[in-house]
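Undergrad: My structure is below; once you've seen it, I'll send some questions.
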Amino acid sequence: MAAQETAADKYVYDFAEGNKDLKDLLGGKGANLAEMTNLGLPVPPGFTITTEACKAYLATGEEPEGLAEQIAAHLASLEQAMGKRLGDPQDPLLVSVRSGARFSMPGMMETVLNVGLNDRSVVGLSAQAGGNDRFAWDSYRRLIQMFGKTVCEVPGEEFEHALDEAKRAKGTTNDLDLDADDLRGLVDEYKKIFLKHTGRDFPQEPREQLDLAIRAVFESWNAERAVLYRRQERIPADLGTAVNVVSMVFGNLGPDSGTGVAFTRDPASGAQGIYGDYLANAQGEDVVAGIRNTVPLQELERLDKKSYDELLGIMARLEGHYKDLCDIEFTIERGKLWMLQTRVGKRTAAAAFVIAGQLVDEGLIDLDEALHRVNGAQLAQLMFPRFQLDHEFQPVAKGIGASPGAAVGKVVFTSARAVELAAEGESVILVRRETNPDDLNGMIAAQGILTSRGGKTSHAAVVARGMGKTCVSGADELDIDIPQRRFTVAGQTVTEGDVVSIDGTTGKVYLGEVPVMPSEVVQYFEGELDPEQADDVLVRAVHRIMSHADAKRRLAVRTNADTGADAARARRFGAEGIGLCRTEHMFLGDRRELVEKLILARDDAERQAALAALLPLQRADFIEIFREMDGQPVTVRLIDPPLHEFLPPLEQLAVNVAVAQERGEDVAQEEALLAAVRRMHEQNPMLGLRGVRLGLVIPGLFAMQVRAIVEAAVECARDGRTPRPEIMVPLVGAVQELETVRAEAERIIAEVTREQPVEVLIGTMIEVPRAALTAGQIAEAAQFFSFGTNDLTQMGWGFSRDDVEGAFFWRYLELGIFGISPFESIDRDGVGRLVRIAAEEGRAARPELKLGVCGEHGGDPDSVHFFHEVGLDYVSCSPFRVPVARLEAGRAAVETDGSDSR
């Protein structure tokens with residue numbers, strides 16, 4: 001090694017110097033090559049250039065000082081160990097140059113094989129291989145092809161075209177039929193292609209080839225496909241990639257050579273067995289490229305039993321060492337087995353749960369570690385039905401997968417029609433440009449929702465996720481004509497009653513009926529499958545891990561539910577109460593007219609009449625919910641949405657009045673309504689007369705709701721139940737607002753509970769930044785806080801949630817300003833800091849203060865971990881997200897207290 005190397009400037013490590021715990025420095029591939037080397041497994045000698053070198057290069061465009069010398073020193077050591085020199089004309093050493101990031105990014109970055117070959121060393125390689133000219137020239141053409149495409153951006157299709165022409169001239173479709181002379185001619189053709197596109201001859205100096213290949217791998221970290229993959233997988237953009245320089249071993253030396261991939265368990269199902277593919281007389285990229293059909297790994301036993309037996313022994317050893325499913329790449333060179341890579345293998349959601357349970361049974365890990373091995377996103381995948389795409393179904397459009405699942409039904413364009421057909425037993429898909437609160441009944445009736453506008457946080461998406469409905473939003477290829485009840489897409493017209501299928505995971509839209517498979521996991525959560533008796537290994541694994549998560553978690557998990565049916569389902573899914581009951585949903589449909597009369601009342605008598613009509617309706621709603629949640633807390637949010645949602649649209653009303661006037665009709669009543677709506681019209685309703693402000697401006701509104709809640713609780717208590725109502729005042733920004741509402745509420749509570757005591761808590765939603773920053777004051781008047789992170793995010797960022805996602809979020813994600821939408825996962829640095837401040841200052845003022853969250857983030861896996869860390873008491877989410885939150889709350893507890901076995 002170079003004498004001047006220190007820990008601070010050491011950029012290159014021999015495989016023998018590293019281990020699997022150095023992934024941040026050596027990347028996943030380099031760290032695992034080092035680990036296998038240290039285990040004594042047959043790994044071709046080599047060295048790893050660190051991620052630090054990559055980051056330095058990407059920052060300046062130049063290799064860091066000392067890197068070239070360190071590469072030279074490690075290359076000399078490699079040459080000495082192999083007894084060969086890079087590019088030697090007589091006995092050449094060839095190397096591969098491979099990427100290897102901290103997190104697996106399969107196929108996203110670059111690899112160059114056979115580095116060191118040139119016009120002279122190709123002859124030496126042939127002699128080295130016992131006069132095998134075909135092998136030598138095949139290796140040379142591969143180098144020019146990979147180097148040209150990867151390092152010099154020569155269009156890969158030109159090389160492919162030349163190869164196809166050579167096979168056509170030979171009268172074959174199999175590249176193995178090309179002999180040495182054919183391949184020699186192909187090398188000449190490749191060189192011409194290289195010269196045409198680069199303006200220079202293919203480099204003959206081996207060290208130049210090596211240096212350029214290393215730089216290309218560095219630069220591939222920022223290639224478009226790598227950036228897109230990192231964004232999709234939430235991999236940080238500043239990690240960089242390591243580069244592995246490995247002495248070549250050859251699977252294309254003849255029928256006693258080959259290459260393959262192997263899994264220690266089935267990555268699709270988790271089943272134990274022998275899984276993988278093998279391709280004789282081939283190099284690794286041939287398997288990936290699919291130029292020839294592979295054979296099952298078991299076939300290797302017949303072709304080369306010695307190598308097969310050795311491979312199985314190594315697979316068992318690696319799985320025992322890593323205590324997990326291993327994904328392995330190997331090459332056999334003339335009967336000699338070489339290990340080229342191992343990593344903890346990617347797997348389906350089902351396999352993740354099954355394998356975790358198996359490893360516990362085998363004593364390799366404990367239940368804490370099993371809990372760590374799975375996640376909420378995987379559980380969510382398992383809960384939704386899925387399509388059986390065995391047939392040739394082609395999507396006609398693609399939107400945003402806003403709420404997972406597979407839904408099939410007849411197209412309808414209005415909520416009324418959705419309700420009508422659903423009542424007749426039909427499955428329907430509600431198609432709208434975008435939904436609004438008036439569409440709620442239709443959304444409930446529909447199997448799925450399809451919109452041409454909006455994103456993952458649009459009305460359709462949020463409500464659909466809350467109900468567990470499949471939703472595809474923002475499918476802008478659809479030209480929807482609501483009056484004609486049809487849409488056109490891909491040159492085809494779909495009319496009401498036609499059947500479509502939508503995939504809420506992929507966002508794809510299909511014409512016609514695609515077969516759907518139900519989710520066994522949902523059947524388990526619904527109580528339809530007994531995990532102790534179920535034959536389904538997946539259901540048993542989910543039950544076991546969920547039970548452990550529940551035993552470990554500190555956070556309680558509540559649900560957002562507005563009806564008895566939602567409450568009952570959520571309770572079956574494990575909800576421990578309701579963290580958000582939205583009363584505004586109770587004011588829609590037939591009741592909307594009563595709310596309109598209340599808001600537009602001209603005097604106390606009209607207002608009192610509207611309130612008196614609403615009171616028994618509200619009380620009945622709460623009785624139903626309290627009965628379903630008997631013994632569990634129910635947090636009821638007083639009316640919150642902006643005023644315009646309960647009033648006729650101003651523009652439409654104005655048009656109606658003008659048309660009626662033109663016809664000479666009596667429009668006195670309509671003119672009065674128009675004047676009232678104009679008087680209350682707001683430029684920005686989301687920041688206007690809503691929440692606590694509306695309750696303070698319209699006398700009796702909050703009082704009616706409080707009375708309905710408490711009377712419902714008293715009635716349930718008289719029936720022998722244990723209601724636990726919590727009244728939540730929305731949009732509070734100053735303690736004086738809460739004090740005013742609380743004084744009136746306490747008067748009503750005392751009056752209603754005089755003969756039948758019921759404990760009623762009064763608290764507030766922390767959703768205005770000022771409330772978070774004055775939480776110490778507000779806590780003096782509140783018994784609980786519930787963080788409304790949807791509005792807190794909206795106001796904290798200054799975003800209009802209904803507008804920004806489609807307008808510019810895509811660009812922010814593309815530029816890396818966002819790693820993920822702040823409406824999907826909580827912004828820890830900004831909005832999260834407001835939550836932390838409010839939690840700390842609220843508890844300082846009132847130590848017994850209950851803290852929860854009821855925004856969309858309550859069911860987001862990463863956000864649940866944050867809420868555990870901040871010290872909240874519970875999270876609340878939609879019924880279908882309750883199991884996800886339970887799982888993640890358990891994972892957060894295990895990872896925080898350090899009790900896992902990692």
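Going by the structure tokens order, chains are called A, B, ..., each with residues numbered from 1, while ligands are numbered from 1 in the order shown.
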Which residues of segment 278-384 of chain A come within 6 Å of segment 251-273 of chain A, and what is each one's closest atom pair and distance in Å (one decimal), counting only C-alpha atoms, sorted by chain and residue number, as JSON lines?
TA:
{"residue": "A:Tyr278", "atom": "CA", "partner": "A:Gly260", "partner_atom": "CA", "distance": 4.2}
{"residue": "A:Leu279", "atom": "CA", "partner": "A:Thr259", "partner_atom": "CA", "distance": 5.5}
{"residue": "A:Ala280", "atom": "CA", "partner": "A:Gly258", "partner_atom": "CA", "distance": 4.0}
{"residue": "A:Asn281", "atom": "CA", "partner": "A:Asn252", "partner_atom": "CA", "distance": 4.1}
{"residue": "A:Ala282", "atom": "CA", "partner": "A:Asn252", "partner_atom": "CA", "distance": 4.3}
{"residue": "A:Gln283", "atom": "CA", "partner": "A:Gly251", "partner_atom": "CA", "distance": 5.2}
{"residue": "A:Gly284", "atom": "CA", "partner": "A:Thr259", "partner_atom": "CA", "distance": 5.9}
{"residue": "A:Leu325", "atom": "CA", "partner": "A:Thr264", "partner_atom": "CA", "distance": 5.6}
{"residue": "A:Cys326", "atom": "CA", "partner": "A:Thr264", "partner_atom": "CA", "distance": 5.5}
{"residue": "A:Asp327", "atom": "CA", "partner": "A:Phe263", "partner_atom": "CA", "distance": 4.8}
{"residue": "A:Ile328", "atom": "CA", "partner": "A:Ala262", "partner_atom": "CA", "distance": 5.1}
{"residue": "A:Glu329", "atom": "CA", "partner": "A:Val261", "partner_atom": "CA", "distance": 4.5}
{"residue": "A:Phe330", "atom": "CA", "partner": "A:Gly260", "partner_atom": "CA", "distance": 5.6}
{"residue": "A:Thr331", "atom": "CA", "partner": "A:Thr259", "partner_atom": "CA", "distance": 4.2}
{"residue": "A:Ile332", "atom": "CA", "partner": "A:Ser257", "partner_atom": "CA", "distance": 5.0}
{"residue": "A:Glu333", "atom": "CA", "partner": "A:Ser257", "partner_atom": "CA", "distance": 4.7}
{"residue": "A:Arg334", "atom": "CA", "partner": "A:Ser257", "partner_atom": "CA", "distance": 4.9}
{"residue": "A:Gly335", "atom": "CA", "partner": "A:Asp256", "partner_atom": "CA", "distance": 5.8}
{"residue": "A:Arg347", "atom": "CA", "partner": "A:Pro267", "partner_atom": "CA", "distance": 4.5}
{"residue": "A:Thr348", "atom": "CA", "partner": "A:Ala268", "partner_atom": "CA", "distance": 5.3}
{"residue": "A:Ala351", "atom": "CA", "partner": "A:Gly270", "partner_atom": "CA", "distance": 4.1}
{"residue": "A:Val354", "atom": "CA", "partner": "A:Gly270", "partner_atom": "CA", "distance": 5.6}
{"residue": "A:Ile355", "atom": "CA", "partner": "A:Gly270", "partner_atom": "CA", "distance": 5.2}
Undergrad: Could you pull out all residues of segment 615-819 of chain A with a DSSP call of alpha helix (DSSP H) and give them as a VMD selection string?
TA: chain A and resid 615 to 628 650 to 662 668 to 680 692 to 697 701 to 718 735 to 752 769 to 773 775 to 779 789 to 797 801 to 804 810 to 815
Undergrad: Name the residues in contact with Phe809 of chain A at a cut-off of 10 Å, using only C-alpha atoms, excluding same-chain residues fewer than 3 positions from it; report them as number ranges by chain.
TA: A: 455, 803-806, 812-815, 817-818, 820-822
Undergrad: Please dump the current selection as a compact mmCIF listing (two decimals), in the first residue's frame; keep N, CA and C atoms.
TA:
# COMPACT_ATOMS: atom_id res chain seq x y z
N GLY A 455 -54.11 15.00 -7.36
CA GLY A 455 -52.95 14.17 -7.05
C GLY A 455 -53.21 13.32 -5.83
N ASP A 803 -54.30 22.88 -4.93
CA ASP A 803 -53.77 23.41 -6.19
C ASP A 803 -52.33 22.99 -6.49
N VAL A 804 -51.50 22.92 -5.45
CA VAL A 804 -50.06 22.89 -5.71
C VAL A 804 -49.55 21.58 -6.28
N GLU A 805 -50.19 20.46 -5.93
CA GLU A 805 -49.62 19.19 -6.34
C GLU A 805 -49.58 19.07 -7.86
N GLY A 806 -50.69 19.39 -8.49
CA GLY A 806 -50.70 19.32 -9.95
C GLY A 806 -49.95 20.45 -10.59
N TYR A 812 -40.80 20.20 -8.20
CA TYR A 812 -40.03 20.20 -6.95
C TYR A 812 -39.44 18.82 -6.67
N LEU A 813 -40.21 17.78 -6.98
CA LEU A 813 -39.69 16.42 -6.79
C LEU A 813 -38.56 16.15 -7.78
N GLU A 814 -38.74 16.63 -9.02
CA GLU A 814 -37.73 16.42 -10.05
C GLU A 814 -36.43 17.12 -9.69
N LEU A 815 -36.52 18.31 -9.12
CA LEU A 815 -35.33 19.08 -8.75
C LEU A 815 -34.71 18.64 -7.43
N ILE A 817 -36.01 19.28 -4.53
CA ILE A 817 -36.41 20.18 -3.43
C ILE A 817 -37.22 19.38 -2.41
N PHE A 818 -38.07 18.51 -2.93
CA PHE A 818 -38.76 17.53 -2.09
C PHE A 818 -38.20 16.14 -2.39
N ILE A 820 -40.14 13.79 -1.02
CA ILE A 820 -41.52 13.27 -1.06
C ILE A 820 -42.42 14.44 -0.70
N SER A 821 -43.64 14.40 -1.17
CA SER A 821 -44.58 15.48 -0.88
C SER A 821 -44.73 15.65 0.63
N PRO A 822 -44.66 16.89 1.15
CA PRO A 822 -44.84 17.11 2.59
C PRO A 822 -46.25 16.81 3.06
Undergrad: Run DSSP on the backbone and grab whatever in segment 140-381 of chain A lands in strand (DSSP E or B); send it over as a PyMOL selection string.
TA: chain A and resi 241-247+258-265+272-280+295-296+326-333+336-344
Undergrad: Can you build me a table of segment 612-661 of chain A residues sitting at most 12 Å from segment 837-856 of chain A, with the closest atom pair per residue and its distance in Å to one decimal, using only C-alpha atoms, sorted by chain and residue number, as a tab-separated table?
TA:
residue	atom	partner	partner_atom	distance
A:Pro633	CA	A:Lys850	CA	11.8
A:Thr635	CA	A:Cys854	CA	9.8
A:Val636	CA	A:Cys854	CA	11.3
A:Arg637	CA	A:Cys854	CA	10.5
Undergrad: Those residues you just picked out, can you put them in a file as a CSV table (one decimal), in the first residue's frame with N, CA and C atoms?
TA:
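What landed in part.csv:
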chain,number,residue,atom,x,y,z
A,633,PRO,N,-62.2,6.2,23.5
A,633,PRO,CA,-62.3,7.6,23.3
A,633,PRO,C,-62.8,8.0,21.9
A,635,THR,N,-63.0,11.4,19.6
A,635,THR,CA,-62.7,12.9,19.5
A,635,THR,C,-63.6,13.4,18.4
A,636,VAL,N,-64.5,14.3,18.7
A,636,VAL,CA,-65.4,14.9,17.8
A,636,VAL,C,-65.0,16.3,17.5
A,637,ARG,N,-64.6,16.5,16.2
A,637,ARG,CA,-64.2,17.9,15.8
A,637,ARG,C,-65.5,18.7,15.4
Undergrad: Return the single residue from A:Glu496, A:Asp24, A:Ala892, A:Asn375 that is closest to Leu421 of chain A, with distances computed using only C-alpha atoms.
TA: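 Closest residue, counting only C-alpha atoms: A:Glu496.
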Undergrad: Between atom CA of Thr198 of chain A and atom CA of Cys152 of chain A, what is the distance, to one decimal in Å?
TA: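 Taking atom CA of Thr198 of chain A and atom CA of Cys152 of chain A, their separation equals 7.0 Å.
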Undergrad: Applying 8 Å and only C-alpha atoms, which residues near Gln447 of chain A remain after dropping the ones on its own chain fewer than 2 positions away? List them as JSON, numbers by chain.
TA: {"A": [407, 408, 409, 427, 428, 429, 430, 443, 444, 445, 449, 469, 470]}
Undergrad: What's the 12 Å shell around Ser104 of chain A, counting only C-alpha atoms, without same-chain residues fewer than 2 positions away, as a list in words?
TA: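 In the requested format, the answer is Lys23, Asp24, Gly27, Gly28, Lys29, Gly30, Asn32, Ser99, Gly100, Ala101, Arg102, Pro106, Gly107, Met108, Met109, Ala226, Tyr229, Arg230, Glu233, Ile235, Thr241, Ala242, Asp327, Gln341, Thr342, Arg343, Val344, Gly345 and Lys346 of chain A.
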